[in-house]
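Just input14.txt here, compact mmCIF, C-alpha atoms:
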# COMPACT_ATOMS: atom_id res chain seq x y z
CA MET A 1 214.79 -60.40 -92.56
CA HIS A 2 214.24 -58.18 -95.56
CA ASP A 3 210.96 -56.40 -95.73
CA LEU A 4 210.36 -56.38 -99.48
CA ALA A 5 207.16 -55.12 -101.03
CA PRO A 6 205.77 -57.36 -103.80
CA LEU A 7 205.25 -55.42 -107.03
CA CYS A 8 203.39 -56.26 -110.20
CA ALA A 9 205.37 -56.59 -113.42
CA LEU A 10 204.49 -53.03 -114.50
CA GLY A 11 205.76 -51.70 -111.18
CA GLY A 12 202.51 -51.01 -109.35
CA THR A 13 201.37 -52.43 -106.06
CA ALA A 14 198.07 -53.26 -107.75
CA PRO A 15 197.54 -54.70 -111.25
CA HIS A 16 197.44 -52.11 -114.03
CA ILE A 17 194.14 -51.78 -115.90
CA ASP A 18 193.57 -49.94 -119.18
CA GLN A 19 190.35 -49.38 -121.06
CA VAL A 20 190.13 -48.37 -124.72
CA ALA A 21 186.64 -48.27 -126.24
CA GLY A 22 185.08 -51.62 -125.38
CA VAL A 23 188.29 -53.50 -124.64
CA THR A 24 189.89 -53.83 -121.22
CA LEU A 25 193.54 -54.76 -120.77
CA THR A 26 194.29 -56.08 -117.29
CA GLU A 27 197.63 -57.09 -115.86
CA ASN A 28 197.18 -60.43 -114.11
CA PRO A 29 199.75 -61.24 -111.41
CA GLY A 30 197.72 -64.20 -110.15
CA HIS A 31 199.45 -67.06 -112.01
CA ALA A 32 201.91 -69.55 -110.62
CA LEU A 33 203.75 -71.14 -113.54
CA ALA A 34 205.90 -74.20 -114.09
CA SER A 35 207.14 -75.70 -117.33
CA VAL A 36 206.95 -79.45 -117.89
CA SER A 37 209.31 -81.13 -120.38
CA ALA A 38 209.14 -84.87 -120.86
CA ARG A 39 212.42 -86.68 -120.51
CA LEU A 40 213.64 -88.83 -123.39
CA GLY A 41 211.73 -92.10 -123.44
CA GLN A 42 209.23 -90.85 -120.85
CA GLU A 43 207.00 -88.89 -123.23
CA ILE A 44 203.92 -91.07 -122.80
CA ALA A 45 204.23 -91.41 -119.03
CA CYS A 46 204.74 -87.67 -118.70
CA ALA A 47 201.65 -86.88 -120.78
CA GLU A 48 199.64 -89.31 -118.66
CA HIS A 49 200.77 -87.59 -115.47
CA LEU A 50 199.76 -84.25 -116.94
CA GLY A 51 196.38 -85.63 -117.96
CA THR A 52 195.82 -86.80 -114.40
CA VAL A 53 196.72 -83.38 -113.04
CA LEU A 54 194.22 -81.74 -115.39
CA GLY A 55 191.50 -84.34 -114.89
CA GLY A 56 191.51 -85.29 -118.56
CA LYS A 57 194.14 -85.27 -121.27
CA ALA A 58 197.38 -83.36 -121.72
CA PRO A 59 196.93 -80.44 -124.14
CA GLY A 60 197.48 -81.40 -127.77
CA VAL A 61 199.27 -79.33 -130.40
CA GLY A 62 198.46 -75.63 -130.09
CA THR A 63 195.83 -76.02 -127.39
CA TRP A 64 195.12 -75.02 -123.84
CA VAL A 65 193.30 -77.22 -121.30
CA ARG A 66 191.60 -75.29 -118.52
CA SER A 67 190.85 -77.02 -115.28
CA GLU A 68 190.73 -76.34 -111.56
CA PRO A 69 193.06 -75.66 -109.93
CA MET A 70 195.66 -76.34 -112.63
CA SER A 71 195.57 -75.57 -116.34
CA ALA A 72 198.18 -76.22 -119.00
CA PHE A 73 199.00 -75.12 -122.53
CA TRP A 74 201.14 -76.72 -125.23
CA MET A 75 204.51 -75.08 -125.88
CA GLY A 76 206.16 -77.60 -128.16
CA GLN A 77 206.45 -81.32 -128.65
CA ASP A 78 206.41 -82.97 -125.21
CA GLN A 79 206.56 -79.56 -123.54
CA TRP A 80 203.84 -77.75 -121.64
CA MET A 81 203.36 -74.82 -119.31
CA VAL A 82 201.24 -75.49 -116.24
CA THR A 83 199.43 -72.62 -114.52
CA ALA A 84 197.61 -72.45 -111.21
CA PRO A 85 196.42 -69.70 -108.85
CA PHE A 86 199.46 -68.13 -107.20
CA ASP A 87 197.71 -67.70 -103.85
CA THR A 88 197.26 -71.43 -103.37
CA HIS A 89 200.09 -72.84 -105.54
CA GLU A 90 203.14 -70.68 -104.97
CA ASP A 91 205.16 -73.92 -104.77
CA LEU A 92 203.68 -75.28 -108.02
CA ALA A 93 207.02 -76.54 -109.40
CA ALA A 94 207.76 -78.48 -106.22
CA GLN A 95 204.30 -80.03 -106.25
CA LEU A 96 204.68 -81.10 -109.88
CA THR A 97 208.20 -82.46 -109.33
CA THR A 98 206.83 -84.77 -106.66
CA ARG A 99 204.05 -85.96 -108.92
CA PHE A 100 205.99 -86.37 -112.18
CA GLY A 101 209.11 -87.93 -110.67
CA ILE A 102 211.65 -88.93 -113.31
CA THR A 103 209.25 -88.56 -116.22
CA ALA A 104 209.72 -84.81 -116.65
CA ALA A 105 211.98 -81.86 -116.06
CA ILE A 106 209.94 -79.30 -114.12
CA THR A 107 211.13 -75.71 -114.03
CA GLU A 108 209.76 -72.93 -111.84
CA GLN A 109 208.60 -70.12 -114.18
CA THR A 110 206.38 -67.88 -112.05
CA ASP A 111 208.55 -64.78 -111.84
CA ALA A 112 209.76 -64.98 -115.44
CA TRP A 113 206.44 -64.04 -117.01
CA VAL A 114 203.91 -61.26 -117.22
CA SER A 115 200.31 -61.98 -118.09
CA PHE A 116 197.72 -59.66 -119.59
CA ASP A 117 194.05 -60.39 -119.99
CA MET A 118 192.43 -58.60 -122.93
CA ARG A 119 188.67 -58.69 -123.05
CA GLY A 120 185.94 -56.95 -124.96
CA ASP A 121 184.41 -56.32 -128.34
CA GLY A 122 187.29 -55.86 -130.77
CA VAL A 123 190.11 -58.05 -129.39
CA GLU A 124 190.46 -59.65 -132.83
CA ARG A 125 191.09 -56.27 -134.45
CA VAL A 126 193.74 -55.52 -131.84
CA MET A 127 195.51 -58.83 -132.36
CA GLN A 128 195.44 -58.37 -136.14
CA LEU A 129 197.69 -55.36 -135.64
CA CYS A 130 199.93 -57.06 -133.11
CA ALA A 131 200.92 -60.49 -134.28
CA ASN A 132 201.18 -62.85 -137.22
CA ILE A 133 198.25 -64.93 -135.96
CA ASP A 134 195.19 -65.82 -138.02
CA ILE A 135 193.07 -64.73 -135.08
CA GLU A 136 189.67 -65.03 -136.81
CA THR A 137 190.18 -68.76 -137.26
CA THR A 138 191.83 -69.29 -133.87
CA PRO A 139 189.32 -71.22 -131.73
CA VAL A 140 188.63 -70.82 -128.04
CA GLU A 141 191.15 -72.86 -126.01
CA ALA A 142 193.87 -72.39 -128.62
CA ALA A 143 197.39 -71.51 -127.49
CA VAL A 144 199.61 -69.88 -130.10
CA ARG A 145 203.19 -68.78 -129.77
CA SER A 146 204.05 -65.74 -131.83
CA VAL A 147 205.85 -62.41 -131.70
CA ILE A 148 204.57 -58.94 -130.78
CA HIS A 149 207.03 -56.10 -131.40
CA TYR A 150 209.95 -58.57 -131.45
CA MET A 151 208.89 -60.04 -128.10
CA GLY A 152 207.96 -63.71 -127.94
CA VAL A 153 204.44 -64.23 -126.62
CA TYR A 154 201.92 -66.95 -126.00
CA VAL A 155 198.41 -65.89 -126.96
CA LEU A 156 195.70 -68.00 -125.38
CA ARG A 157 192.09 -67.61 -126.38
CA SER A 158 189.78 -68.00 -123.40
CA ALA A 159 186.56 -66.83 -125.07
CA PRO A 160 185.53 -65.35 -128.42
CA ASP A 161 186.09 -61.89 -126.96
CA ALA A 162 188.92 -62.67 -124.54
CA LEU A 163 192.64 -63.36 -124.87
CA THR A 164 195.34 -64.05 -122.32
CA ILE A 165 198.85 -63.03 -123.31
CA PHE A 166 202.00 -64.34 -121.63
CA SER A 167 205.39 -62.80 -122.29
CA ALA A 168 208.70 -62.15 -120.58
CA ARG A 169 208.33 -60.16 -117.37
CA SER A 170 211.57 -58.30 -118.09
CA SER A 171 209.95 -56.60 -121.10
CA ALA A 172 206.51 -56.19 -119.54
CA LYS A 173 206.36 -52.43 -120.08
CA SER A 174 207.35 -52.77 -123.74
CA LEU A 175 204.64 -55.35 -124.30
CA HIS A 176 202.12 -53.20 -122.44
CA HIS A 177 203.06 -50.27 -124.66
CA ALA A 178 202.67 -52.42 -127.79
CA LEU A 179 199.27 -53.75 -126.76
CA LEU A 180 197.95 -50.38 -125.68
CA THR A 181 199.16 -48.70 -128.87
CA ALA A 182 197.43 -51.37 -130.94
CA MET A 183 194.23 -50.97 -128.92
CA ARG A 184 194.22 -47.22 -129.52
CA SER A 185 194.83 -47.71 -133.24
CA ALA A 186 192.36 -50.52 -133.83
CA LEU A 187 189.44 -49.50 -131.66
CA MET B 1 206.77 -68.09 -148.94
CA ILE B 2 204.73 -70.42 -146.75
CA ILE B 3 206.15 -73.37 -144.84
CA ASN B 4 203.60 -76.06 -144.10
CA HIS B 5 204.61 -76.98 -140.55
CA PRO B 6 203.89 -80.68 -139.86
CA LEU B 7 202.22 -79.85 -136.53
CA LEU B 8 201.01 -76.26 -136.78
CA GLY B 9 199.97 -76.03 -140.42
CA PRO B 10 200.89 -73.29 -142.90
CA ARG B 11 203.10 -70.59 -141.41
CA ASP B 12 204.80 -67.59 -142.96
CA SER B 13 208.49 -68.16 -143.64
CA SER B 14 209.29 -64.97 -141.68
CA GLU B 15 208.61 -66.97 -138.51
CA PHE B 16 211.49 -69.30 -139.32
CA VAL B 17 215.25 -69.09 -139.24
CA TYR B 18 217.30 -70.85 -141.91
CA LEU B 19 220.33 -72.84 -140.85
CA GLY B 20 221.53 -74.72 -143.93
CA ASP B 21 222.06 -78.16 -145.36
CA ALA B 22 220.14 -80.87 -143.50
CA ARG B 23 223.20 -83.13 -143.63
CA LEU B 24 224.27 -81.29 -140.46
CA LEU B 25 222.00 -83.78 -138.67
CA ASN B 26 224.50 -86.52 -139.51
CA ARG B 27 227.39 -85.67 -137.26
CA PRO B 28 230.37 -87.97 -137.88
CA ASP B 29 231.68 -90.43 -135.31
CA TRP B 30 234.49 -88.60 -133.52
CA GLN B 31 236.18 -91.90 -132.72
CA ALA B 32 236.46 -93.04 -136.33
CA ASP B 33 239.97 -93.53 -137.74
CA ASN B 34 239.41 -90.83 -140.33
CA ALA B 35 237.41 -88.54 -137.99
CA LEU B 36 239.45 -85.48 -139.02
CA GLU B 37 238.65 -85.91 -142.70
CA GLN B 38 235.01 -86.62 -141.90
CA PHE B 39 234.68 -83.50 -139.76
CA ILE B 40 236.37 -81.31 -142.36
CA ASP B 41 233.88 -82.63 -144.88
CA TYR B 42 231.01 -82.20 -142.39
CA GLY B 43 232.01 -78.65 -141.52
CA HIS B 44 232.90 -77.29 -144.94
CA THR B 45 231.80 -79.35 -147.92
CA ARG B 46 228.36 -78.48 -149.26
CA GLU B 47 226.43 -79.40 -152.34
CA ASN B 48 225.00 -76.42 -154.18
CA PRO B 49 222.18 -77.98 -156.18
CA ALA B 50 219.99 -76.18 -158.68
CA GLY B 51 216.90 -78.13 -157.71
CA LEU B 52 215.70 -80.02 -154.67
CA HIS B 53 217.63 -79.27 -151.49
CA ARG B 54 217.01 -80.60 -147.98
CA GLU B 55 217.68 -77.92 -145.40
CA LEU B 56 217.19 -77.15 -141.72
CA TRP B 57 214.76 -74.48 -140.65
CA TYR B 58 214.03 -73.44 -137.05
CA HIS B 59 210.55 -72.24 -136.03
CA GLU B 60 211.89 -69.46 -133.89
CA GLN B 61 208.65 -67.48 -133.70
CA GLY B 62 206.53 -70.57 -133.13
CA ASP B 63 207.00 -73.83 -131.31
CA ARG B 64 210.80 -73.72 -131.69
CA SER B 65 210.94 -77.01 -133.50
CA TRP B 66 213.66 -77.87 -136.02
CA LEU B 67 212.36 -78.85 -139.43
CA VAL B 68 213.85 -80.53 -142.47
CA VAL B 69 212.43 -78.63 -145.43
CA THR B 70 212.84 -79.92 -148.97
CA ARG B 71 212.94 -76.85 -151.19
CA ASN B 72 213.57 -76.35 -154.87
CA THR B 73 216.35 -73.78 -154.99
CA VAL B 74 215.32 -72.71 -158.49
CA THR B 75 211.59 -72.18 -157.93
CA HIS B 76 211.47 -71.97 -154.09
CA GLU B 77 208.71 -74.56 -154.19
CA ILE B 78 208.58 -76.52 -150.93
CA THR B 79 207.72 -80.14 -151.55
CA GLN B 80 208.17 -81.71 -148.12
CA VAL B 81 208.41 -80.59 -144.50
CA GLU B 82 209.40 -83.00 -141.72
CA LEU B 83 210.25 -82.65 -138.06
CA ALA B 84 214.03 -82.89 -137.76
CA ARG B 85 213.76 -85.13 -134.73
CA ASP B 86 211.69 -87.62 -136.70
CA VAL B 87 214.25 -87.56 -139.50
CA ALA B 88 217.09 -88.09 -137.02
CA ARG B 89 215.34 -90.92 -135.21
CA THR B 90 214.43 -92.58 -138.50
CA GLY B 91 218.11 -92.41 -139.33
CA GLY B 92 218.98 -94.31 -136.18
CA ARG B 93 219.71 -91.49 -133.77
CA SER B 94 218.44 -91.82 -130.20
CA LYS B 95 218.04 -88.12 -129.40

Whole structure, structure tokens version:
Amino acid sequence: MHDLAPLCALGGTAPHIDQVAGVTLTENPGHALASVSARLGQEIACAEHLGTVLGGKAPGVGTWVRSEPMSAFWMGQDQWMVTAPFDTHEDLAAQLTTRFGITAAITEQTDAWVSFDMRGDGVERVMQLCANIDIETTPVEAAVRSVIHYMGVYVLRSAPDALTIFSARSSAKSLHHALLTAMRSAL
Amino acid sequence: MIINHPLLGPRDSSEFVYLGDARLLNRPDWQADNALEQFIDYGHTRENPAGLHRELWYHEQGDRSWLVVTRNTVTHEITQVELARDVARTGGRSK
């Protein structure tokens, strides 16, 4: 049996935290992720399953529905990403596959992504430098896909002064560098 | 140039990738008697209008949807933007 030490995306044994002026950037390794794509002809049934999972409706265009324990954000037509706490839902994809049956293609995504939480007074100014997003008019619970330094990202707004950013784990350090550089410039 | 995405609203054209003539949606039947001629036409023959042109754009930095954009090649004015899958399904395609 291998004895492997789990590491965060930035390489530390604990999540990396940066503070610039009033804004805190925190690496968040606590998400289990699975993508949900409706199969052809099963779009309505799939969305209904997702609504049941979330205790409401499936996220509409460009939005994020937060619930306990699972949340989901819209990625494209008939496609969503479901998130849940990693500690309790490490097997999220398997759980969803059982529930959705033939209505959706479920893909395990947990180790493919890095997540950063950015919080504090000035997150809008930081995002203005980072991405082609009209952040002032982006409401809470919006989910926007865009690009930061050529890296595809999902930017989710959790509060007026808080953003969650998902991007590829393989370029986590590049994204961290981009975000931190923008924080130092903007704040 | 702004492309008015049918789902996401106005987006900068830098978020999109241009593919070409929207007739690429209409792939010929490979079992037709004249399939070779049809595919040569499909692969190589293009109109080059000075005026309205229907073309495929991909929202690469957004929701990764394919769009059919009707653009005036003289003025760059965009008069219509549709989801390519809606256009294809309206044209009788199942996928």

Which chain A residues are at most 8 Å from chain B (counting only C-alpha atoms), as a PyMOL selection string?
chain A and resi 40+61-62+75-77+144-147+152

Kindly extract all protein, DNA and RNA residues lying within 12 Å of the coordinates (191.9, -85.1, -113.6) given in the file, considering all atoms listed in the file, and supply them as a list in words.
Glu48, His49, Leu50, Gly51, Thr52, Val53, Leu54, Gly55, Gly56, Lys57, Ala58, Val65, Arg66, Ser67, Glu68, Pro69, Met70 and Ser71 of chain A

Between CA of Ala143 (chain A) and CA of Trp80 (chain A), what is the distance in Å, rounded to a tenth?
10.7 Å

Would you kindly return, as a ChimeraX atom specification, each protein, DNA or RNA residue with an atom no farther than 9 Å from any atom of Cys46 (chain A), considering only C-alpha atoms and excluding same-chain residues fewer than 2 positions away?
/A:36-39,42-44,48-51,78,100,102-104

Give me the residues within 8 Å of Asn28 (chain A) as an MDAnalysis selection string, counting only C-alpha atoms and dropping any in the same chain fewer than 4 places off.
chainID A and resid 15 114:117

Which residues are close to Leu25 (chain A), i.e. within 7 Å by only C-alpha atoms, leaving aside same-chain residues fewer than 2 positions away? Reply as a VMD selection string.
chain A and resid 17 to 19 23 27 116 to 119

Find the residues around Ala9 (chain A) up to 12 Å (only C-alpha atoms counted), leave out those fewer than 3 positions away in its own chain, and share them as a compact mmCIF listing (two decimals) with C-alpha atoms, keeping the file's coordinate frame.
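Once written, out_17.txt looks like this:
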# COMPACT_ATOMS: atom_id res chain seq x y z
CA PRO A 6 205.77 -57.36 -103.80
CA GLY A 12 202.51 -51.01 -109.35
CA THR A 13 201.37 -52.43 -106.06
CA ALA A 14 198.07 -53.26 -107.75
CA PRO A 15 197.54 -54.70 -111.25
CA HIS A 16 197.44 -52.11 -114.03
CA THR A 26 194.29 -56.08 -117.29
CA GLU A 27 197.63 -57.09 -115.86
CA ASN A 28 197.18 -60.43 -114.11
CA PRO A 29 199.75 -61.24 -111.41
CA GLY A 30 197.72 -64.20 -110.15
CA THR A 110 206.38 -67.88 -112.05
CA ASP A 111 208.55 -64.78 -111.84
CA ALA A 112 209.76 -64.98 -115.44
CA TRP A 113 206.44 -64.04 -117.01
CA VAL A 114 203.91 -61.26 -117.22
CA SER A 115 200.31 -61.98 -118.09
CA PHE A 116 197.72 -59.66 -119.59
CA PHE A 166 202.00 -64.34 -121.63
CA SER A 167 205.39 -62.80 -122.29
CA ALA A 168 208.70 -62.15 -120.58
CA ARG A 169 208.33 -60.16 -117.37
CA SER A 170 211.57 -58.30 -118.09
CA SER A 171 209.95 -56.60 -121.10
CA ALA A 172 206.51 -56.19 -119.54
CA LYS A 173 206.36 -52.43 -120.08
CA SER A 174 207.35 -52.77 -123.74
CA LEU A 175 204.64 -55.35 -124.30
CA HIS A 176 202.12 -53.20 -122.44

Please list as a list in words every residue within 8 Å of Leu187 (chain A), counting only C-alpha atoms and excluding residues in the same chain fewer than 6 positions away.
Val20, Ala21, Gly22, Gly122, Arg125 and Val126 of chain A

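CA of Leu52 (chain B) is found 24.2 Å from CA of Arg93 (chain B).
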